[in-house]
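Student: What follows is a structure written as structure tokens; I'll ask about it next.
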Amino acid sequence: MTTEGRGPIAGTAPSGSDSASSSQDRLRGLLHAVETVVGEIELPVVLRRVVEAAVELVDAEFGALGVLAADRASLDQFIHVGITPENATEIGRLPRGRGILGALISDPRVIRLSHLQADPRAAGFPAHHPRMDSFLGAPISVRGQVFGNLYLTNARRGSFSAEDEELVRGLASTAGFAIQNARLFDEARTRAAWTAATAELSAAILSTPPDEVFDLIAGRVLDLSASCRVTVLVPTDVPDVLRVAAARGTGELDILGMTVIAGSGLAGAALDRGGIRVPSAARPTGPADPAVLTADDETGPAVAAPLRTRRRTWGVVTVARAPGEREFTEVEREVLGVLASQAAIALELTHARREQQKAMLTEERARIARDLHDHVIQQIFGAGLTLQSMAATLAETHDRTRVDEVIGQLDDAITQIRTVIFALSARDGTSLRHRLIDVVAEVSGALPRPPALRFSGPVDTALTGSLADDIVGVARELLTNSVRHADADSISLDVGVDGSRVTVVVADDGAGIRDTRRSGLANLAARAEGRGGSLTVDTGASGTRAEWRVPLGDSRKDPR
């Protein structure tokens, strides 16, 4: 495995005193290198300091430190010294752990070579790679497990010596402790940052509108993970189909709204197995997975965690990096799982609170409806009966007429209160009554006094299908005309079923119809004629009354 050197300077034999002095200098160099490495706590800085110290210690032209991936068979990171950034860009993707580098991974023992290309395990170099000859590689262990390997090439003395090998071995041993401390510090800081962000996110979810919650989660996770893409996939009405409800990062607009089969991607695997992390791999055949990033027929590393409580599954959070970037650690998988779990609880609390508020509102509406029905209507009805009995005792015709008018107004008030009671009851968005109530609310929002709405006959049971759609359209058009153009103080909408016909009447006390509004009325007249009915309009300075009338017998047909 090793090729011995000939001394500190290739081809020469140092004298005893020179050898002792040189050894002392090199030991001092090792101590200096150790001090340089252990004086840092930031993991990226420590890794680079290890490479720089090793290059200086053995006087090499190039040096690198390869960090093993989770599969223990390839490199996840590659920190290099001696190659310029421009040269690294020309080379392209950094080594993944093949050839001599792969030999050191599979058999973590020191390798020392005088001529790298002469070794049968050498895999060659890519285009634009600088020439490399002599080679010295040593494993770096952390608590008995190989963390990565040091690679040194092109000894300036010609080749690496046995003394160089011992020095690098000693530096690697010390570097292992420094790396372990830096990793522990990095993990502690990561956990602290994610814990604080998780608490903030949970609080933010409770005050965020439902349609913005998933985008909020994706944005926060992207900020924390220093990744390329974060997606939130949620279940759909179709079984085993997930939809991208939120996406942040690379290609977010391209994948937003995309649907995937749950069993064919990363999100589905997370739903089945809980939080998972996957390394870079060959790009699979089949539908594209929005939860991972792909390039050059390879998928990048990714991690995913379900948004799940005991009661329901809200979705899956996935985080992806591009191929060639560092893989996710177990700590990153854990903290993402905790965040997803807490976010799901916050989602559940928000949903429960909305349901509670909805139940309270429904109960309050029901109470108001009961009070209107049991008390207000009865009181108005009683007042009407009293007036009727009084009218019979009045001698003057004028007085009886006035009383009859008041009785009619009371009957009209009872009709409108019943409409309000219906609106306050449990809603059915498909019923014609509720659709017309919504139309009145829609077109009259700016009016100080909303239009009066009256129903007569079996409106919901007799008027369905395309006829109900026409009635809604007619009511909207006529009400809109009155609201926008009549300058009226009062507007009313009456929809009734009487025997074999249905009528829609909109009346106002405005200034009458001008010619600019007749095009819309022509369309309504055509719609009535298509059903065998008619539209009549009576307008003048004192107001307008438009009546749309069609036979009820045609309600089950669609003339269009």
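Going by the structure tokens order, chains are called A, B, ..., each with residues numbered from 1, while ligands are numbered from 1 in the order shown.
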Show which residues sit within 9 Å of Ile380 in chain A, as number ranges by chain. Count only C-alpha atoms, and ignore same-chain residues fewer than 2 positions away.

Tutor: A: 375-378, 382-385, 410-411, 413-414

Student: Kindly save the residues from that selection, with N, CA, C and O atoms included, as an mmCIF file, in the first residue's frame.

Tutor:
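Dumped to out31.cif:
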data_model
loop_
_atom_site.group_PDB
_atom_site.id
_atom_site.type_symbol
_atom_site.label_atom_id
_atom_site.label_comp_id
_atom_site.auth_asym_id
_atom_site.auth_seq_id
_atom_site.Cartn_x
_atom_site.Cartn_y
_atom_site.Cartn_z
ATOM 1 N N HIS A 375 -91.349 34.914 18.406
ATOM 2 C CA HIS A 375 -91.759 36.143 19.079
ATOM 3 C C HIS A 375 -92.129 37.252 18.109
ATOM 4 O O HIS A 375 -93.255 37.754 18.128
ATOM 5 N N VAL A 376 -91.177 37.617 17.225
ATOM 6 C CA VAL A 376 -91.402 38.780 16.372
ATOM 7 C C VAL A 376 -92.568 38.536 15.418
ATOM 8 O O VAL A 376 -93.487 39.367 15.300
ATOM 9 N N ILE A 377 -92.559 37.402 14.726
ATOM 10 C CA ILE A 377 -93.631 37.134 13.770
ATOM 11 C C ILE A 377 -94.972 37.030 14.488
ATOM 12 O O ILE A 377 -95.994 37.557 14.012
ATOM 13 N N GLN A 378 -94.963 36.377 15.641
ATOM 14 C CA GLN A 378 -96.219 36.235 16.378
ATOM 15 C C GLN A 378 -96.759 37.592 16.825
ATOM 16 O O GLN A 378 -97.973 37.850 16.767
ATOM 17 N N GLY A 382 -100.149 39.103 15.550
ATOM 18 C CA GLY A 382 -101.179 39.521 16.511
ATOM 19 C C GLY A 382 -101.617 40.956 16.284
ATOM 20 O O GLY A 382 -102.812 41.289 16.383
ATOM 21 N N ALA A 383 -100.628 41.826 15.989
ATOM 22 C CA ALA A 383 -100.977 43.222 15.704
ATOM 23 C C ALA A 383 -101.854 43.313 14.463
ATOM 24 O O ALA A 383 -102.811 44.126 14.407
ATOM 25 N N GLY A 384 -101.586 42.487 13.443
ATOM 26 C CA GLY A 384 -102.412 42.485 12.235
ATOM 27 C C GLY A 384 -103.831 42.049 12.525
ATOM 28 O O GLY A 384 -104.803 42.632 12.001
ATOM 29 N N LEU A 385 -104.018 41.029 13.367
ATOM 30 C CA LEU A 385 -105.359 40.582 13.723
ATOM 31 C C LEU A 385 -106.115 41.669 14.484
ATOM 32 O O LEU A 385 -107.328 41.882 14.272
ATOM 33 N N LEU A 410 -97.772 44.882 7.266
ATOM 34 C CA LEU A 410 -97.398 43.891 8.279
ATOM 35 C C LEU A 410 -97.229 42.512 7.649
ATOM 36 O O LEU A 410 -96.308 41.759 7.989
ATOM 37 N N ASP A 411 -98.128 42.146 6.728
ATOM 38 C CA ASP A 411 -97.990 40.853 6.037
ATOM 39 C C ASP A 411 -96.690 40.803 5.238
ATOM 40 O O ASP A 411 -96.011 39.766 5.196
ATOM 41 N N ALA A 413 -93.980 42.479 5.931
ATOM 42 C CA ALA A 413 -92.882 42.355 6.899
ATOM 43 C C ALA A 413 -92.721 40.920 7.365
ATOM 44 O O ALA A 413 -91.596 40.422 7.518
ATOM 45 N N ILE A 414 -93.846 40.215 7.575
ATOM 46 C CA ILE A 414 -93.775 38.807 7.987
ATOM 47 C C ILE A 414 -93.109 37.974 6.898
ATOM 48 O O ILE A 414 -92.270 37.110 7.176
#

Student: Expressed in Å to a single decimal, how great is the separation between CA of Glu330 in chain A and CA of Val221 in chain A?

Tutor: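 Result for CA of Glu330 in chain A versus CA of Val221 in chain A: 16.2 Å, one decimal.
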
Student: For each of A:Ala281, A:Ile100, A:Val506, A:Val244, take the minimum atom-to-atom distance to Thr536 in chain A, counting only C-alpha atoms, then give the residue where this is smallest.

Tutor: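 Under the stated criterion, the closest residue is A:Val506.
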
Student: For CA of Thr294 in chain A and CA of Ile105 in chain A, determine how far apart the two atoms are, in Å to one decimal place.

Tutor: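 If I compute the distance from CA of Thr294 in chain A to CA of Ile105 in chain A, I get 26.1 Å.
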
Student: Might you pull out every residue within 8 Å of Val303 in chain A, with only C-alpha atoms counted and same-chain residues fewer than 3 positions away left off, and present them as a tab-separated table (two decimals) with all heavy atoms, in the first residue's frame?

Tutor:
chain	number	residue	atom	x	y	z
A	275	GLY	N	-40.75	10.44	8.74
A	275	GLY	CA	-39.67	11.27	8.23
A	275	GLY	C	-38.56	10.44	7.60
A	275	GLY	O	-38.11	9.45	8.17
A	276	ILE	N	-38.12	10.81	6.40
A	276	ILE	CA	-37.07	10.07	5.70
A	276	ILE	C	-36.09	11.04	5.07
A	276	ILE	O	-36.39	12.22	4.89
A	276	ILE	CB	-37.65	9.16	4.60
A	276	ILE	CG1	-38.40	10.00	3.55
A	276	ILE	CG2	-38.55	8.10	5.18
A	276	ILE	CD1	-38.83	9.21	2.34
A	277	ARG	N	-34.90	10.54	4.78
A	277	ARG	CA	-33.93	11.30	4.00
A	277	ARG	C	-33.32	10.36	2.98
A	277	ARG	O	-33.09	9.18	3.25
A	277	ARG	CB	-32.85	11.93	4.88
A	277	ARG	CG	-32.00	10.96	5.68
A	277	ARG	CD	-31.11	11.70	6.66
A	277	ARG	NE	-30.33	10.77	7.49
A	277	ARG	CZ	-29.06	10.51	7.32
A	277	ARG	NH1	-28.40	11.09	6.34
A	277	ARG	NH2	-28.42	9.67	8.11
A	278	VAL	N	-33.09	10.88	1.78
A	278	VAL	CA	-32.56	10.06	0.70
A	278	VAL	C	-31.33	10.74	0.12
A	278	VAL	O	-31.26	11.97	0.05
A	278	VAL	CB	-33.62	9.84	-0.40
A	278	VAL	CG1	-34.79	9.05	0.13
A	278	VAL	CG2	-34.10	11.18	-0.96
A	318	THR	N	-41.31	18.65	2.09
A	318	THR	CA	-40.10	18.07	1.51
A	318	THR	C	-39.07	19.16	1.28
A	318	THR	O	-39.41	20.30	0.95
A	318	THR	CB	-40.41	17.38	0.16
A	318	THR	OG1	-40.77	18.36	-0.81
A	318	THR	CG2	-41.55	16.38	0.32
A	319	VAL	N	-37.80	18.81	1.46
A	319	VAL	CA	-36.69	19.74	1.27
A	319	VAL	C	-35.68	19.05	0.36
A	319	VAL	O	-35.31	17.90	0.60
A	319	VAL	CB	-36.02	20.11	2.61
A	319	VAL	CG1	-34.98	21.19	2.40
A	319	VAL	CG2	-37.07	20.56	3.63
A	320	ALA	N	-35.24	19.76	-0.68
A	320	ALA	CA	-34.35	19.13	-1.68
A	320	ALA	C	-33.16	20.03	-1.97
A	320	ALA	O	-33.27	21.26	-1.94
A	320	ALA	CB	-35.12	18.85	-2.96
A	328	PHE	N	-28.25	15.56	3.41
A	328	PHE	CA	-28.86	15.96	4.67
A	328	PHE	C	-28.38	15.04	5.79
A	328	PHE	O	-28.20	13.84	5.59
A	328	PHE	CB	-30.38	15.90	4.57
A	328	PHE	CG	-30.97	16.96	3.69
A	328	PHE	CD1	-31.21	16.70	2.34
A	328	PHE	CD2	-31.25	18.22	4.18
A	328	PHE	CE1	-31.74	17.67	1.51
A	328	PHE	CE2	-31.77	19.20	3.35
A	328	PHE	CZ	-32.02	18.94	2.03
A	333	ARG	N	-32.90	15.78	9.48
A	333	ARG	CA	-34.15	15.02	9.37
A	333	ARG	C	-34.97	15.12	10.65
A	333	ARG	O	-36.19	15.28	10.62
A	333	ARG	CB	-33.84	13.55	9.05
A	333	ARG	CG	-35.10	12.71	8.81
A	333	ARG	CD	-34.81	11.23	8.94
A	333	ARG	NE	-34.46	10.87	10.32
A	333	ARG	CZ	-35.35	10.71	11.30
A	333	ARG	NH1	-36.64	10.86	11.07
A	333	ARG	NH2	-34.95	10.37	12.51

Student: Enumerate the residues of range 130-230 of chain A with a DSSP assignment of strand (DSSP E), computed from the backbone, and present them as a PDB file with all heavy atoms, in the first residue's frame.

Tutor:
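And here's part_22.pdb as it stands now:
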ATOM      1  N   PHE A 135       1.303  11.082  -4.324  1.00  0.00           N
ATOM      2  CA  PHE A 135       0.016  11.068  -3.627  1.00  0.00           C
ATOM      3  C   PHE A 135       0.192  10.533  -2.212  1.00  0.00           C
ATOM      4  O   PHE A 135       0.935   9.578  -1.977  1.00  0.00           O
ATOM      5  CB  PHE A 135      -0.979  10.182  -4.392  1.00  0.00           C
ATOM      6  CG  PHE A 135      -2.309  10.014  -3.709  1.00  0.00           C
ATOM      7  CD1 PHE A 135      -3.317  10.960  -3.871  1.00  0.00           C
ATOM      8  CD2 PHE A 135      -2.558   8.907  -2.904  1.00  0.00           C
ATOM      9  CE1 PHE A 135      -4.535  10.800  -3.245  1.00  0.00           C
ATOM     10  CE2 PHE A 135      -3.781   8.738  -2.282  1.00  0.00           C
ATOM     11  CZ  PHE A 135      -4.779   9.688  -2.453  1.00  0.00           C
ATOM     12  N   LEU A 136      -0.520  11.150  -1.258  1.00  0.00           N
ATOM     13  CA  LEU A 136      -0.554  10.675   0.125  1.00  0.00           C
ATOM     14  C   LEU A 136      -1.984  10.860   0.632  1.00  0.00           C
ATOM     15  O   LEU A 136      -2.525  11.968   0.631  1.00  0.00           O
ATOM     16  CB  LEU A 136       0.420  11.469   0.998  1.00  0.00           C
ATOM     17  CG  LEU A 136       0.421  11.132   2.502  1.00  0.00           C
ATOM     18  CD1 LEU A 136       0.756   9.662   2.741  1.00  0.00           C
ATOM     19  CD2 LEU A 136       1.393  12.043   3.249  1.00  0.00           C
ATOM     20  N   GLY A 137      -2.617   9.748   1.031  1.00  0.00           N
ATOM     21  CA  GLY A 137      -3.982   9.794   1.543  1.00  0.00           C
ATOM     22  C   GLY A 137      -4.073   9.139   2.894  1.00  0.00           C
ATOM     23  O   GLY A 137      -3.438   8.111   3.153  1.00  0.00           O
ATOM     24  N   ALA A 138      -4.874   9.758   3.799  1.00  0.00           N
ATOM     25  CA  ALA A 138      -5.016   9.219   5.153  1.00  0.00           C
ATOM     26  C   ALA A 138      -6.447   9.415   5.632  1.00  0.00           C
ATOM     27  O   ALA A 138      -7.055  10.474   5.388  1.00  0.00           O
ATOM     28  CB  ALA A 138      -4.048   9.909   6.107  1.00  0.00           C
ATOM     29  N   PRO A 139      -7.020   8.419   6.328  1.00  0.00           N
ATOM     30  CA  PRO A 139      -8.385   8.554   6.836  1.00  0.00           C
ATOM     31  C   PRO A 139      -8.430   9.444   8.084  1.00  0.00           C
ATOM     32  O   PRO A 139      -7.467   9.519   8.846  1.00  0.00           O
ATOM     33  CB  PRO A 139      -8.784   7.119   7.157  1.00  0.00           C
ATOM     34  CG  PRO A 139      -7.496   6.438   7.481  1.00  0.00           C
ATOM     35  CD  PRO A 139      -6.463   7.087   6.604  1.00  0.00           C
ATOM     36  N   ILE A 140      -9.551  10.113   8.281  1.00  0.00           N
ATOM     37  CA  ILE A 140      -9.822  10.893   9.491  1.00  0.00           C
ATOM     38  C   ILE A 140     -10.971  10.207  10.211  1.00  0.00           C
ATOM     39  O   ILE A 140     -12.074  10.087   9.668  1.00  0.00           O
ATOM     40  CB  ILE A 140     -10.196  12.349   9.164  1.00  0.00           C
ATOM     41  CG1 ILE A 140      -9.042  13.048   8.452  1.00  0.00           C
ATOM     42  CG2 ILE A 140     -10.588  13.110  10.409  1.00  0.00           C
ATOM     43  CD1 ILE A 140      -9.366  14.464   8.026  1.00  0.00           C
ATOM     44  N   SER A 141     -10.706   9.757  11.422  1.00  0.00           N
ATOM     45  CA  SER A 141     -11.711   9.029  12.192  1.00  0.00           C
ATOM     46  C   SER A 141     -12.256   9.886  13.316  1.00  0.00           C
ATOM     47  O   SER A 141     -11.531  10.666  13.930  1.00  0.00           O
ATOM     48  CB  SER A 141     -11.123   7.738  12.776  1.00  0.00           C
ATOM     49  OG  SER A 141     -10.683   6.880  11.742  1.00  0.00           O
ATOM     50  N   VAL A 142     -13.551   9.709  13.574  1.00  0.00           N
ATOM     51  CA  VAL A 142     -14.230  10.404  14.671  1.00  0.00           C
ATOM     52  C   VAL A 142     -14.937   9.350  15.502  1.00  0.00           C
ATOM     53  O   VAL A 142     -15.861   8.685  15.030  1.00  0.00           O
ATOM     54  CB  VAL A 142     -15.247  11.433  14.142  1.00  0.00           C
ATOM     55  CG1 VAL A 142     -16.015  12.061  15.286  1.00  0.00           C
ATOM     56  CG2 VAL A 142     -14.540  12.501  13.322  1.00  0.00           C
ATOM     57  N   GLN A 145     -15.214   5.936  13.909  1.00  0.00           N
ATOM     58  CA  GLN A 145     -15.866   5.867  12.608  1.00  0.00           C
ATOM     59  C   GLN A 145     -15.191   6.841  11.655  1.00  0.00           C
ATOM     60  O   GLN A 145     -14.914   7.984  12.022  1.00  0.00           O
ATOM     61  CB  GLN A 145     -17.360   6.201  12.723  1.00  0.00           C
ATOM     62  CG  GLN A 145     -18.129   6.007  11.424  1.00  0.00           C
ATOM     63  CD  GLN A 145     -19.605   6.326  11.582  1.00  0.00           C
ATOM     64  OE1 GLN A 145     -19.969   7.304  12.232  1.00  0.00           O
ATOM     65  NE2 GLN A 145     -20.459   5.485  11.019  1.00  0.00           N
ATOM     66  N   VAL A 146     -14.921   6.371  10.444  1.00  0.00           N
ATOM     67  CA  VAL A 146     -14.252   7.221   9.469  1.00  0.00           C
ATOM     68  C   VAL A 146     -15.182   8.354   9.048  1.00  0.00           C
ATOM     69  O   VAL A 146     -16.301   8.129   8.580  1.00  0.00           O
ATOM     70  CB  VAL A 146     -13.812   6.409   8.243  1.00  0.00           C
ATOM     71  CG1 VAL A 146     -13.195   7.321   7.197  1.00  0.00           C
ATOM     72  CG2 VAL A 146     -12.814   5.330   8.656  1.00  0.00           C
ATOM     73  N   PHE A 147     -14.725   9.586   9.250  1.00  0.00           N
ATOM     74  CA  PHE A 147     -15.488  10.774   8.868  1.00  0.00           C
ATOM     75  C   PHE A 147     -15.195  11.164   7.424  1.00  0.00           C
ATOM     76  O   PHE A 147     -16.076  11.574   6.680  1.00  0.00           O
ATOM     77  CB  PHE A 147     -15.133  11.915   9.812  1.00  0.00           C
ATOM     78  CG  PHE A 147     -15.685  13.254   9.389  1.00  0.00           C
ATOM     79  CD1 PHE A 147     -16.991  13.603   9.678  1.00  0.00           C
ATOM     80  CD2 PHE A 147     -14.890  14.161   8.695  1.00  0.00           C
ATOM     81  CE1 PHE A 147     -17.513  14.834   9.295  1.00  0.00           C
ATOM     82  CE2 PHE A 147     -15.398  15.395   8.297  1.00  0.00           C
ATOM     83  CZ  PHE A 147     -16.715  15.727   8.607  1.00  0.00           C
ATOM     84  N   GLY A 148     -13.938  11.044   7.035  1.00  0.00           N
ATOM     85  CA  GLY A 148     -13.525  11.428   5.699  1.00  0.00           C
ATOM     86  C   GLY A 148     -12.061  11.090   5.486  1.00  0.00           C
ATOM     87  O   GLY A 148     -11.438  10.378   6.294  1.00  0.00           O
ATOM     88  N   ASN A 149     -11.497  11.604   4.425  1.00  0.00           N
ATOM     89  CA  ASN A 149     -10.110  11.301   4.086  1.00  0.00           C
ATOM     90  C   ASN A 149      -9.368  12.565   3.660  1.00  0.00           C
ATOM     91  O   ASN A 149      -9.942  13.457   3.028  1.00  0.00           O
ATOM     92  CB  ASN A 149     -10.052  10.286   2.939  1.00  0.00           C
ATOM     93  CG  ASN A 149     -10.664   8.949   3.318  1.00  0.00           C
ATOM     94  OD1 ASN A 149     -10.302   8.357   4.320  1.00  0.00           O
ATOM     95  ND2 ASN A 149     -11.602   8.482   2.512  1.00  0.00           N
ATOM     96  N   LEU A 150      -8.073  12.604   4.035  1.00  0.00           N
ATOM     97  CA  LEU A 150      -7.184  13.660   3.577  1.00  0.00           C
ATOM     98  C   LEU A 150      -6.464  13.187   2.315  1.00  0.00           C
ATOM     99  O   LEU A 150      -5.951  12.053   2.267  1.00  0.00           O
ATOM    100  CB  LEU A 150      -6.143  13.980   4.657  1.00  0.00           C
ATOM    101  CG  LEU A 150      -6.424  15.141   5.606  1.00  0.00           C
ATOM    102  CD1 LEU A 150      -5.342  15.205   6.673  1.00  0.00           C
ATOM    103  CD2 LEU A 150      -6.508  16.458   4.838  1.00  0.00           C
ATOM    104  N   TYR A 151      -6.420  14.049   1.312  1.00  0.00           N
ATOM    105  CA  TYR A 151      -5.725  13.723   0.075  1.00  0.00           C
ATOM    106  C   TYR A 151      -4.693  14.818  -0.194  1.00  0.00           C
ATOM    107  O   TYR A 151      -5.030  15.999  -0.242  1.00  0.00           O
ATOM    108  CB  TYR A 151      -6.707  13.659  -1.103  1.00  0.00           C
ATOM    109  CG  TYR A 151      -7.899  12.778  -0.870  1.00  0.00           C
ATOM    110  CD1 TYR A 151      -9.168  13.329  -0.718  1.00  0.00           C
ATOM    111  CD2 TYR A 151      -7.762  11.404  -0.815  1.00  0.00           C
ATOM    112  CE1 TYR A 151     -10.272  12.533  -0.511  1.00  0.00           C
ATOM    113  CE2 TYR A 151      -8.867  10.587  -0.606  1.00  0.00           C
ATOM    114  CZ  TYR A 151     -10.120  11.154  -0.457  1.00  0.00           C
ATOM    115  OH  TYR A 151     -11.210  10.353  -0.250  1.00  0.00           O
ATOM    116  N   LEU A 152      -3.431  14.419  -0.375  1.00  0.00           N
ATOM    117  CA  LEU A 152      -2.344  15.371  -0.656  1.00  0.00           C
ATOM    118  C   LEU A 152      -1.597  14.894  -1.894  1.00  0.00           C
ATOM    119  O   LEU A 152      -1.290  13.693  -2.032  1.00  0.00           O
ATOM    120  CB  LEU A 152      -1.393  15.447   0.538  1.00  0.00           C
ATOM    121  CG  LEU A 152      -2.063  15.874   1.861  1.00  0.00           C
ATOM    122  CD1 LEU A 152      -1.178  15.521   3.041  1.00  0.00           C
ATOM    123  CD2 LEU A 152      -2.375  17.361   1.836  1.00  0.00           C
ATOM    124  N   THR A 153      -1.306  15.818  -2.797  1.00  0.00           N
ATOM    125  CA  THR A 153      -0.618  15.451  -4.037  1.00  0.00           C
ATOM    126  C   THR A 153       0.490  16.441  -4.361  1.00  0.00           C
ATOM    127  O   THR A 153       0.502  17.579  -3.884  1.00  0.00           O
ATOM    128  CB  THR A 153      -1.606  15.409  -5.230  1.00  0.00           C
ATOM    129  OG1 THR A 153      -2.153  16.705  -5.411  1.00  0.00           O
ATOM    130  CG2 THR A 153      -2.698  14.411  -4.993  1.00  0.00           C
ATOM    131  N   ASN A 154       1.436  15.953  -5.195  1.00  0.00           N
ATOM    132  CA  ASN A 154       2.545  16.763  -5.714  1.00  0.00           C
ATOM    133  C   ASN A 154       3.418  17.324  -4.583  1.00  0.00           C
ATOM    134  O   ASN A 154       3.426  18.521  -4.304  1.00  0.00           O
ATOM    135  CB  ASN A 154       2.028  17.906  -6.579  1.00  0.00           C
ATOM    136  CG  ASN A 154       1.418  17.419  -7.886  1.00  0.00           C
ATOM    137  OD1 ASN A 154       1.272  16.225  -8.098  1.00  0.00           O
ATOM    138  ND2 ASN A 154       1.070  18.351  -8.760  1.00  0.00           N
ATOM    139  N   ALA A 155       4.133  16.395  -3.920  1.00  0.00           N
ATOM    140  CA  ALA A 155       5.101  16.837  -2.917  1.00  0.00           C
ATOM    141  C   ALA A 155       6.183  17.681  -3.600  1.00  0.00           C
ATOM    142  O   ALA A 155       6.743  17.287  -4.625  1.00  0.00           O
ATOM    143  CB  ALA A 155       5.729  15.631  -2.221  1.00  0.00           C
ATOM    144  N   ARG A 229     -34.901  23.848  -2.747  1.00  0.00           N
ATOM    145  CA  ARG A 229     -36.348  23.796  -2.969  1.00  0.00           C
ATOM    146  C   ARG A 229     -37.058  23.200  -1.759  1.00  0.00           C
ATOM    147  O   ARG A 229     -36.590  22.208  -1.182  1.00  0.00           O
ATOM    148  CB  ARG A 229     -36.683  22.966  -4.200  1.00  0.00           C
ATOM    149  CG  ARG A 229     -38.194  22.798  -4.438  1.00  0.00           C
ATOM    150  CD  ARG A 229     -38.495  21.824  -5.557  1.00  0.00           C
ATOM    151  NE  ARG A 229     -38.124  22.371  -6.859  1.00  0.00           N
ATOM    152  CZ  ARG A 229     -38.189  21.680  -7.999  1.00  0.00           C
ATOM    153  NH1 ARG A 229     -38.584  20.411  -7.965  1.00  0.00           N
ATOM    154  NH2 ARG A 229     -37.841  22.238  -9.139  1.00  0.00           N
ATOM    155  N   VAL A 230     -38.175  23.803  -1.399  1.00  0.00           N
ATOM    156  CA  VAL A 230     -39.048  23.277  -0.358  1.00  0.00           C
ATOM    157  C   VAL A 230     -40.457  23.200  -0.937  1.00  0.00           C
ATOM    158  O   VAL A 230     -40.929  24.154  -1.573  1.00  0.00           O
ATOM    159  CB  VAL A 230     -39.047  24.165   0.899  1.00  0.00           C
ATOM    160  CG1 VAL A 230     -40.060  23.651   1.916  1.00  0.00           C
ATOM    161  CG2 VAL A 230     -37.662  24.212   1.525  1.00  0.00           C
TER     162      VAL A 230
END

Student: List the neighbours of range 118-133 of chain A out to 10 Å using only C-alpha atoms; skip same-chain residues closer than 6 positions along the sequence, and give me the result as a list in words.

Tutor: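 Residues meeting the cut-off are Glu61, Phe62, Gly82, Ile83, Asn87, Ala88, Thr89, Glu90, Ile91, Gly92, Arg93, Leu94, Pro95, Arg98, Gly99, Ile100, Leu101, Gly102, Ala103, Leu152, Thr153, Asn154, Ala155, Gly158 and Ser159 of chain A.
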
Student: Hey, which of A:Gly286, A:Gly257, A:Gly499, A:Gly473 ends up closest to Gly520 in chain A? Count only C-alpha atoms.

Tutor: A:Gly473

Student: Measuring between only C-alpha atoms, which one of A:Arg400, A:Glu325, A:Ala395, A:Ser341 shows the shortest distance to Ala69 in chain A?

Tutor: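 Counting only C-alpha atoms, the residue closest to Ala69 in chain A is A:Glu325.
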
Student: Based on DSSP run over this structure's backbone, return all residues of range 378-552 of chain A in alpha helix (DSSP H), as a ChimeraX atom specification.

Tutor: /A:378-391,397-424,432-443,459-462,465-481,518-530

Student: Here is a test: counting only C-alpha atoms, which residue of A:Ala288, A:Ala541, A:Ala302, A:Val234 is nearest to Leu271 in chain A?

Tutor: A:Val234

Student: As an exercise, work out the distance from CA of Ser490 in chain A to CA of Ile471 in chain A in Å and give it to one decimal place.

Tutor: 21.2 Å

Student: I'd like to know which of A:Val495, A:Ala304, A:Leu47, A:Leu104 is closest to Phe78 in chain A, using only C-alpha atoms.

Tutor: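 Using only C-alpha atoms, Phe78 in chain A sits closest to A:Leu47.
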
Student: Pick out the closest residue to Thr539 in chain A from this set: A:Ile513, A:Ala522, A:Arg308, A:Leu478. Count only C-alpha atoms.

Tutor: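 Selected residue with least distance to Thr539 in chain A: A:Ile513.
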